[in-house]
file structure-v2.pdb (PDB, C-alpha atoms)
ATOM      1  CA  GLY A   1     -62.060  93.806   4.748  1.00  0.00           C
ATOM      2  CA  GLN A   2     -63.360  94.591   8.257  1.00  0.00           C
ATOM      3  CA  ALA A   3     -67.025  94.202   7.249  1.00  0.00           C
ATOM      4  CA  GLU A   4     -66.311  90.889   5.479  1.00  0.00           C
ATOM      5  CA  GLN A   5     -64.484  89.507   8.538  1.00  0.00           C
ATOM      6  CA  SER A   6     -67.342  90.585  10.816  1.00  0.00           C
ATOM      7  CA  ALA A   7     -69.863  88.857   8.515  1.00  0.00           C
ATOM      8  CA  VAL A   8     -67.801  85.650   8.522  1.00  0.00           C
ATOM      9  CA  GLU A   9     -67.548  85.714  12.328  1.00  0.00           C
ATOM     10  CA  GLN A  10     -71.307  86.267  12.598  1.00  0.00           C
ATOM     11  CA  GLY A  11     -71.943  83.379  10.175  1.00  0.00           C
ATOM     12  CA  SER A  12     -69.598  81.152  12.150  1.00  0.00           C
ATOM     13  CA  SER A  13     -71.279  82.163  15.387  1.00  0.00           C
ATOM     14  CA  ARG A  14     -74.725  81.444  13.912  1.00  0.00           C
ATOM     15  CA  THR A  15     -73.538  78.033  12.689  1.00  0.00           C
ATOM     16  CA  HIS A  16     -72.133  77.273  16.140  1.00  0.00           C
ATOM     17  CA  MET A  17     -75.404  78.314  17.805  1.00  0.00           C
ATOM     18  CA  TRP A  18     -77.427  76.270  15.307  1.00  0.00           C
ATOM     19  CA  LEU A  19     -75.303  73.168  15.973  1.00  0.00           C
ATOM     20  CA  LEU A  20     -75.667  73.665  19.722  1.00  0.00           C
ATOM     21  CA  ALA A  21     -79.451  74.031  19.381  1.00  0.00           C
ATOM     22  CA  ALA A  22     -79.660  70.935  17.155  1.00  0.00           C
ATOM     23  CA  ALA A  23     -77.589  68.891  19.595  1.00  0.00           C
ATOM     24  CA  SER A  24     -79.802  70.030  22.482  1.00  0.00           C
ATOM     25  CA  ALA A  25     -82.914  69.115  20.521  1.00  0.00           C
ATOM     26  CA  ILE A  26     -81.561  65.632  19.869  1.00  0.00           C
ATOM     27  CA  VAL A  27     -80.653  65.070  23.515  1.00  0.00           C
ATOM     28  CA  LEU A  28     -83.893  66.559  24.801  1.00  0.00           C
ATOM     29  CA  THR A  29     -86.268  65.000  22.244  1.00  0.00           C
ATOM     30  CA  PRO A  30     -88.848  62.941  24.101  1.00  0.00           C
ATOM     31  CA  SER A  31     -89.035  59.279  23.223  1.00  0.00           C
ATOM     32  CA  PRO A  32     -92.192  57.174  23.535  1.00  0.00           C
ATOM     33  CA  ARG A  33     -90.673  55.607  26.672  1.00  0.00           C
ATOM     34  CA  VAL A  34     -89.520  58.654  28.551  1.00  0.00           C
ATOM     35  CA  ALA A  35     -89.839  62.422  28.430  1.00  0.00           C
ATOM     36  CA  ILE A  36     -86.469  64.070  28.873  1.00  0.00           C
ATOM     37  CA  THR A  37     -86.777  67.557  30.289  1.00  0.00           C
ATOM     38  CA  SER A  38     -83.170  68.316  31.163  1.00  0.00           C
ATOM     39  CA  PRO A  39     -79.620  67.095  30.567  1.00  0.00           C
ATOM     40  CA  CYS A  40     -79.777  65.534  34.059  1.00  0.00           C
ATOM     41  CA  ALA A  41     -82.778  63.508  32.918  1.00  0.00           C
ATOM     42  CA  ALA A  42     -80.751  62.382  29.895  1.00  0.00           C
ATOM     43  CA  VAL A  43     -78.077  61.086  32.266  1.00  0.00           C
ATOM     44  CA  ARG A  44     -80.747  59.303  34.352  1.00  0.00           C
ATOM     45  CA  MET A  45     -82.162  57.744  31.184  1.00  0.00           C
ATOM     46  CA  MET A  46     -78.707  56.384  30.343  1.00  0.00           C
ATOM     47  CA  ALA A  47     -78.700  54.724  33.774  1.00  0.00           C
ATOM     48  CA  ASP A  48     -81.904  52.904  32.738  1.00  0.00           C
ATOM     49  CA  ASP A  49     -80.165  51.566  29.645  1.00  0.00           C
ATOM     50  CA  ASP A  50     -79.940  47.737  29.514  1.00  0.00           C
ATOM     51  CA  ALA A  51     -76.158  47.876  29.204  1.00  0.00           C
ATOM     52  CA  SER A  52     -75.587  50.221  32.129  1.00  0.00           C
ATOM     53  CA  PRO A  53     -73.828  48.885  35.229  1.00  0.00           C
ATOM     54  CA  GLN A  54     -76.931  49.681  37.306  1.00  0.00           C
ATOM     55  CA  SER A  55     -79.195  47.723  34.964  1.00  0.00           C
ATOM     56  CA  ARG A  56     -76.798  44.773  34.918  1.00  0.00           C
ATOM     57  CA  ALA A  57     -76.642  44.807  38.722  1.00  0.00           C
ATOM     58  CA  VAL A  58     -80.454  44.769  38.972  1.00  0.00           C
ATOM     59  CA  LYS A  59     -80.657  41.883  36.496  1.00  0.00           C
ATOM     60  CA  GLN A  60     -78.005  39.987  38.453  1.00  0.00           C
ATOM     61  CA  GLN A  61     -79.948  40.494  41.702  1.00  0.00           C
ATOM     62  CA  LYS A  62     -83.102  39.174  40.022  1.00  0.00           C
ATOM     63  CA  ARG A  63     -81.228  36.119  38.696  1.00  0.00           C
ATOM     64  CA  GLU A  64     -79.832  35.445  42.182  1.00  0.00           C
ATOM     65  CA  ALA A  65     -83.314  35.725  43.742  1.00  0.00           C
ATOM     66  CA  VAL A  66     -84.750  33.280  41.176  1.00  0.00           C
ATOM     67  CA  ALA A  67     -81.820  30.900  41.761  1.00  0.00           C
ATOM     68  CA  ALA A  68     -82.378  31.019  45.540  1.00  0.00           C
ATOM     69  CA  ALA A  69     -86.073  30.223  45.092  1.00  0.00           C
ATOM     70  CA  ARG A  70     -85.184  27.307  42.821  1.00  0.00           C
ATOM     71  CA  ARG A  71     -82.691  25.960  45.364  1.00  0.00           C
ATOM     72  CA  THR A  72     -85.482  25.965  47.952  1.00  0.00           C
ATOM     73  CA  THR A  73     -87.840  24.179  45.554  1.00  0.00           C
ATOM     74  CA  ALA A  74     -85.110  21.673  44.636  1.00  0.00           C
ATOM     75  CA  ALA A  75     -84.557  20.860  48.308  1.00  0.00           C
ATOM     76  CA  GLU A  76     -88.277  20.054  48.622  1.00  0.00           C
ATOM     77  CA  LEU A  77     -88.319  17.788  45.538  1.00  0.00           C
ATOM     78  CA  THR A  78     -87.859  14.092  46.084  1.00  0.00           C
ATOM     79  CA  LEU A  79     -85.547  13.168  43.229  1.00  0.00           C
ATOM     80  CA  SER A  80     -83.959   9.755  43.263  1.00  0.00           C
ATOM     81  CA  GLY A  81     -80.189   9.460  43.061  1.00  0.00           C
ATOM     82  CA  GLU A  82     -80.615   8.101  39.545  1.00  0.00           C
ATOM     83  CA  GLU A  83     -82.602  11.198  38.505  1.00  0.00           C
ATOM     84  CA  VAL A  84     -79.990  13.563  39.963  1.00  0.00           C
ATOM     85  CA  GLU A  85     -77.224  11.623  38.188  1.00  0.00           C
ATOM     86  CA  ALA A  86     -79.152  11.777  34.894  1.00  0.00           C
ATOM     87  CA  LEU A  87     -79.746  15.529  35.153  1.00  0.00           C
ATOM     88  CA  THR A  88     -76.100  16.093  36.095  1.00  0.00           C
ATOM     89  CA  ALA A  89     -75.003  13.985  33.115  1.00  0.00           C
ATOM     90  CA  ALA A  90     -77.331  15.983  30.849  1.00  0.00           C
ATOM     91  CA  SER A  91     -75.859  19.266  32.083  1.00  0.00           C
ATOM     92  CA  LYS A  92     -72.359  17.997  31.252  1.00  0.00           C
ATOM     93  CA  SER A  93     -73.205  16.373  27.934  1.00  0.00           C
ATOM     94  CA  LEU A  94     -71.525  17.687  24.795  1.00  0.00           C
ATOM     95  CA  ASP A  95     -74.069  15.909  22.584  1.00  0.00           C
ATOM     96  CA  PRO A  96     -76.355  18.144  20.524  1.00  0.00           C
ATOM     97  CA  CYS A  97     -79.610  18.887  22.319  1.00  0.00           C
ATOM     98  CA  TRP A  98     -81.612  18.641  19.067  1.00  0.00           C
ATOM     99  CA  ARG A  99     -81.745  15.322  17.246  1.00  0.00           C
ATOM    100  CA  GLU A 100     -85.348  15.367  16.069  1.00  0.00           C
ATOM    101  CA  GLY A 101     -84.491  15.836  12.416  1.00  0.00           C
ATOM    102  CA  ALA A 102     -82.536  18.158  10.171  1.00  0.00           C
ATOM    103  CA  ALA A 103     -80.587  21.037  11.690  1.00  0.00           C
ATOM    104  CA  GLU A 104     -82.814  23.445   9.742  1.00  0.00           C
ATOM    105  CA  ASP A 105     -85.804  22.211  11.786  1.00  0.00           C
ATOM    106  CA  CYS A 106     -84.051  22.936  15.088  1.00  0.00           C
ATOM    107  CA  PRO A 107     -85.717  25.745  17.099  1.00  0.00           C
ATOM    108  CA  THR A 108     -83.752  28.991  16.914  1.00  0.00           C
ATOM    109  CA  ALA A 109     -83.245  29.023  20.697  1.00  0.00           C
ATOM    110  CA  LEU A 110     -81.355  25.723  20.452  1.00  0.00           C
ATOM    111  CA  LYS A 111     -79.073  26.837  17.595  1.00  0.00           C
ATOM    112  CA  SER A 112     -75.670  28.424  17.816  1.00  0.00           C
ATOM    113  CA  VAL A 113     -75.882  31.990  16.533  1.00  0.00           C
ATOM    114  CA  PHE A 114     -72.546  31.462  14.786  1.00  0.00           C
ATOM    115  CA  THR A 115     -72.862  28.035  13.139  1.00  0.00           C
ATOM    116  CA  GLN A 116     -76.667  27.682  13.050  1.00  0.00           C
ATOM    117  CA  GLN A 117     -76.126  24.117  14.287  1.00  0.00           C
ATOM    118  CA  PRO A 118     -77.800  22.710  17.415  1.00  0.00           C
ATOM    119  CA  ILE A 119     -75.977  23.603  20.629  1.00  0.00           C
ATOM    120  CA  ASP A 120     -74.966  20.910  23.111  1.00  0.00           C
ATOM    121  CA  PHE A 121     -76.803  20.087  26.328  1.00  0.00           C
ATOM    122  CA  PHE A 122     -73.996  21.727  28.335  1.00  0.00           C
ATOM    123  CA  ALA A 123     -74.531  25.110  26.638  1.00  0.00           C
ATOM    124  CA  ALA A 124     -78.315  24.840  26.802  1.00  0.00           C
ATOM    125  CA  LEU A 125     -78.535  23.813  30.462  1.00  0.00           C
ATOM    126  CA  ARG A 126     -75.615  25.644  32.077  1.00  0.00           C
ATOM    127  CA  ASN A 127     -76.060  29.137  30.619  1.00  0.00           C
ATOM    128  CA  PRO A 128     -75.667  31.413  33.653  1.00  0.00           C
ATOM    129  CA  GLN A 129     -77.624  34.283  32.050  1.00  0.00           C
ATOM    130  CA  GLU A 130     -80.724  32.519  30.754  1.00  0.00           C
ATOM    131  CA  ASP A 131     -82.997  29.606  31.542  1.00  0.00           C
ATOM    132  CA  PRO A 132     -82.944  26.684  29.132  1.00  0.00           C
ATOM    133  CA  ASP A 133     -85.448  26.902  26.310  1.00  0.00           C
ATOM    134  CA  PRO A 134     -88.425  24.595  27.028  1.00  0.00           C
ATOM    135  CA  ALA A 135     -87.630  22.668  23.809  1.00  0.00           C
ATOM    136  CA  VAL A 136     -84.404  21.362  25.388  1.00  0.00           C
ATOM    137  CA  TRP A 137     -86.380  19.306  27.915  1.00  0.00           C
ATOM    138  CA  ILE A 138     -87.738  17.154  25.062  1.00  0.00           C
ATOM    139  CA  GLY A 139     -84.185  16.042  24.257  1.00  0.00           C
ATOM    140  CA  VAL A 140     -83.320  15.609  27.927  1.00  0.00           C
ATOM    141  CA  ARG A 141     -86.310  13.320  28.503  1.00  0.00           C
ATOM    142  CA  LYS A 142     -85.587  11.255  25.377  1.00  0.00           C
ATOM    143  CA  THR A 143     -81.896  10.842  26.145  1.00  0.00           C
ATOM    144  CA  TRP A 144     -82.369  10.290  29.894  1.00  0.00           C
ATOM    145  CA  PRO A 145     -85.716   8.437  30.175  1.00  0.00           C
ATOM    146  CA  VAL A 146     -85.518   8.337  33.987  1.00  0.00           C
ATOM    147  CA  LEU A 147     -86.447  12.058  33.830  1.00  0.00           C
ATOM    148  CA  ALA A 148     -89.456  11.504  31.538  1.00  0.00           C
ATOM    149  CA  GLU A 149     -92.042  11.874  34.325  1.00  0.00           C
ATOM    150  CA  ARG A 150     -90.646  15.162  35.676  1.00  0.00           C
ATOM    151  CA  SER A 151     -92.202  18.512  34.709  1.00  0.00           C
ATOM    152  CA  ASP A 152     -90.191  21.328  33.140  1.00  0.00           C
ATOM    153  CA  ASP A 153     -90.486  23.292  36.392  1.00  0.00           C
ATOM    154  CA  ASP A 154     -89.198  20.353  38.469  1.00  0.00           C
ATOM    155  CA  LEU A 155     -86.252  19.856  36.126  1.00  0.00           C
ATOM    156  CA  LEU A 156     -85.462  23.574  36.116  1.00  0.00           C
ATOM    157  CA  ALA A 157     -85.511  23.716  39.929  1.00  0.00           C
ATOM    158  CA  ALA A 158     -83.457  20.524  40.266  1.00  0.00           C
ATOM    159  CA  LEU A 159     -80.948  21.887  37.758  1.00  0.00           C
ATOM    160  CA  GLN A 160     -80.114  24.945  39.912  1.00  0.00           C
ATOM    161  CA  PRO A 161     -77.972  23.193  42.553  1.00  0.00           C
ATOM    162  CA  ILE A 162     -76.276  21.259  39.748  1.00  0.00           C
ATOM    163  CA  LYS A 163     -75.483  24.522  37.905  1.00  0.00           C
ATOM    164  CA  ASP A 164     -74.152  26.015  41.132  1.00  0.00           C
ATOM    165  CA  VAL A 165     -71.178  23.646  40.861  1.00  0.00           C
ATOM    166  CA  ARG A 166     -69.049  25.272  38.163  1.00  0.00           C
ATOM    167  CA  VAL A 167     -67.817  23.033  35.364  1.00  0.00           C
ATOM    168  CA  ASP A 168     -65.269  24.101  32.781  1.00  0.00           C
ATOM    169  CA  LYS A 169     -66.391  22.813  29.391  1.00  0.00           C
ATOM    170  CA  ARG A 170     -62.763  22.178  28.452  1.00  0.00           C
ATOM    171  CA  SER A 171     -62.555  19.559  31.210  1.00  0.00           C
ATOM    172  CA  LEU A 172     -65.307  17.436  29.662  1.00  0.00           C
TER     173      LEU A 172
END

call {"tool": "encode", "arguments": {"input": "structure-v2.pdb", "output": "structure tokens"}}
result
Amino acid sequence: GQAEQSAVEQGSSRTHMWLLAAASAIVLTPSPRVAITSPCAAVRMMADDDASPQSRAVKQQKREAVAAARRTTAAELTLSGEEVEALTAASKSLDPCWREGAAEDCPTALKSVFTQQPIDFFAALRNPQEDPDPAVWIGVRKTWPVLAERSDDDLLAALQPIKDVRVDKRSL
């Protein structure tokens, strides 16, 4: 009785120690990106994660710096009133931004991830997290010919002050 109980406790203790060692090995296993040498390093690595609040804050600061530079560039551009109106209309348009053929031929960046149909100009041009895919400018230039002579960079810079004015899609 006593010897059996002692053996069970030892087995349980060994299992517990083995699990603890395995968990430590998993946490402390070096990845190709980073060598983790302590639990504190594991916590620091989590802070480098793309979804961490710190990472999101850094990305937001970068987006704000890019937006500020584009506002400066936009102020230096000499767009006519007609060009500004056309770009504003494009950014508020609910028409699909791909009309070059079948929906299957639409570039992936211009498709809705849910419906696999082309997204509208509003979604393509007013996304606060990402720049418009370069393929969207083809549709913009075809639909608003007054913008045909402008480069992608000019249109992207001119779009920034337009995007700064929030528009609720439900109001369109």

call {"tool": "resolve_selection", "arguments": {"input": "structure-v2.pdb", "expression": "the PyMOL selection byres ((chain A and resi 141) around 12)", "output": "list in words"}}
result
Glu83, Ala86, Leu87, Ala90, Cys97, Trp98, Phe121, Pro134, Ala135, Val136, Trp137, Ile138, Gly139, Val140, Lys142, Thr143, Trp144, Pro145, Val146, Leu147, Ala148, Glu149, Arg150, Ser151, Asp152 and Leu155 of chain A

call {"tool": "atom_distance", "arguments": {"input": "structure-v2.pdb", "atom1": "CA of Pro118 in chain A", "atom2": "CA of Ala102 in chain A"}}
result
9.8 Å

call {"tool": "closest_residue", "arguments": {"input": "structure-v2.pdb", "among": "A:Ser171, A:Asp120, A:Asp153, A:Glu130", "to": "Asp95 in chain A", "atoms": "only C-alpha atoms"}}
result
A:Asp120

call {"tool": "atom_distance", "arguments": {"input": "structure-v2.pdb", "atom1": "CA of Leu110 in chain A", "atom2": "CA of Glu64 in chain A"}}
result
23.9 Å

call {"tool": "resolve_selection", "arguments": {"input": "structure-v2.pdb", "expression": "the PyMOL selection byres ((chain A and resi 156) around 9)", "output": "PyMOL selection string"}}
result
chain A and resi 70+74+125+131-132+151-155+157-160

call {"tool": "atom_distance", "arguments": {"input": "structure-v2.pdb", "atom1": "CA of Gln60 in chain A", "atom2": "CA of Arg170 in chain A"}}
result
25.5 Å

call {"tool": "residues_near_point", "arguments": {"input": "structure-v2.pdb", "point": "(-68.8, 11.2, 29.9)", "cutoff": "10 Å", "atoms": "all atoms listed in the file", "output": "list in words"}}
result
Ala89, Ala90, Lys92, Ser93, Leu94 and Leu172 of chain A

call {"tool": "write_last_selection", "arguments": {"input": "structure-v2.pdb", "atoms": "C-alpha atoms", "output": "tab-separated table (two decimals), keeping the file's coordinate frame"}}
result
chain	number	residue	atom	x	y	z
A	89	ALA	CA	-75.00	13.98	33.12
A	90	ALA	CA	-77.33	15.98	30.85
A	92	LYS	CA	-72.36	18.00	31.25
A	93	SER	CA	-73.20	16.37	27.93
A	94	LEU	CA	-71.53	17.69	24.80
A	172	LEU	CA	-65.31	17.44	29.66

call {"tool": "closest_residue", "arguments": {"input": "structure-v2.pdb", "among": "A:Ile119, A:Ser91, A:Cys106, A:Lys111", "to": "Asp168 in chain A", "atoms": "all atoms listed in the file"}}
result
A:Ser91

call {"tool": "closest_residue", "arguments": {"input": "structure-v2.pdb", "among": "A:Glu104, A:Gly81, A:Pro161, A:Thr115", "to": "Ala69 in chain A", "atoms": "only C-alpha atoms"}}
result
A:Pro161

call {"tool": "closest_residue", "arguments": {"input": "structure-v2.pdb", "among": "A:Thr88, A:Gln54, A:Gln129, A:Lys59", "to": "Val167 in chain A", "atoms": "all atoms listed in the file"}}
result
A:Thr88

call {"tool": "axis_aligned_box", "arguments": {"input": "structure-v2.pdb", "around": "range 49-53 of chain A", "padding_each_side": "3 Å", "output": "AutoDock Vina command-line options"}}
result
--center_x -77.0 --center_y 49.7 --center_z 32.2 --size_x 12.3 --size_y 9.8 --size_z 12.0
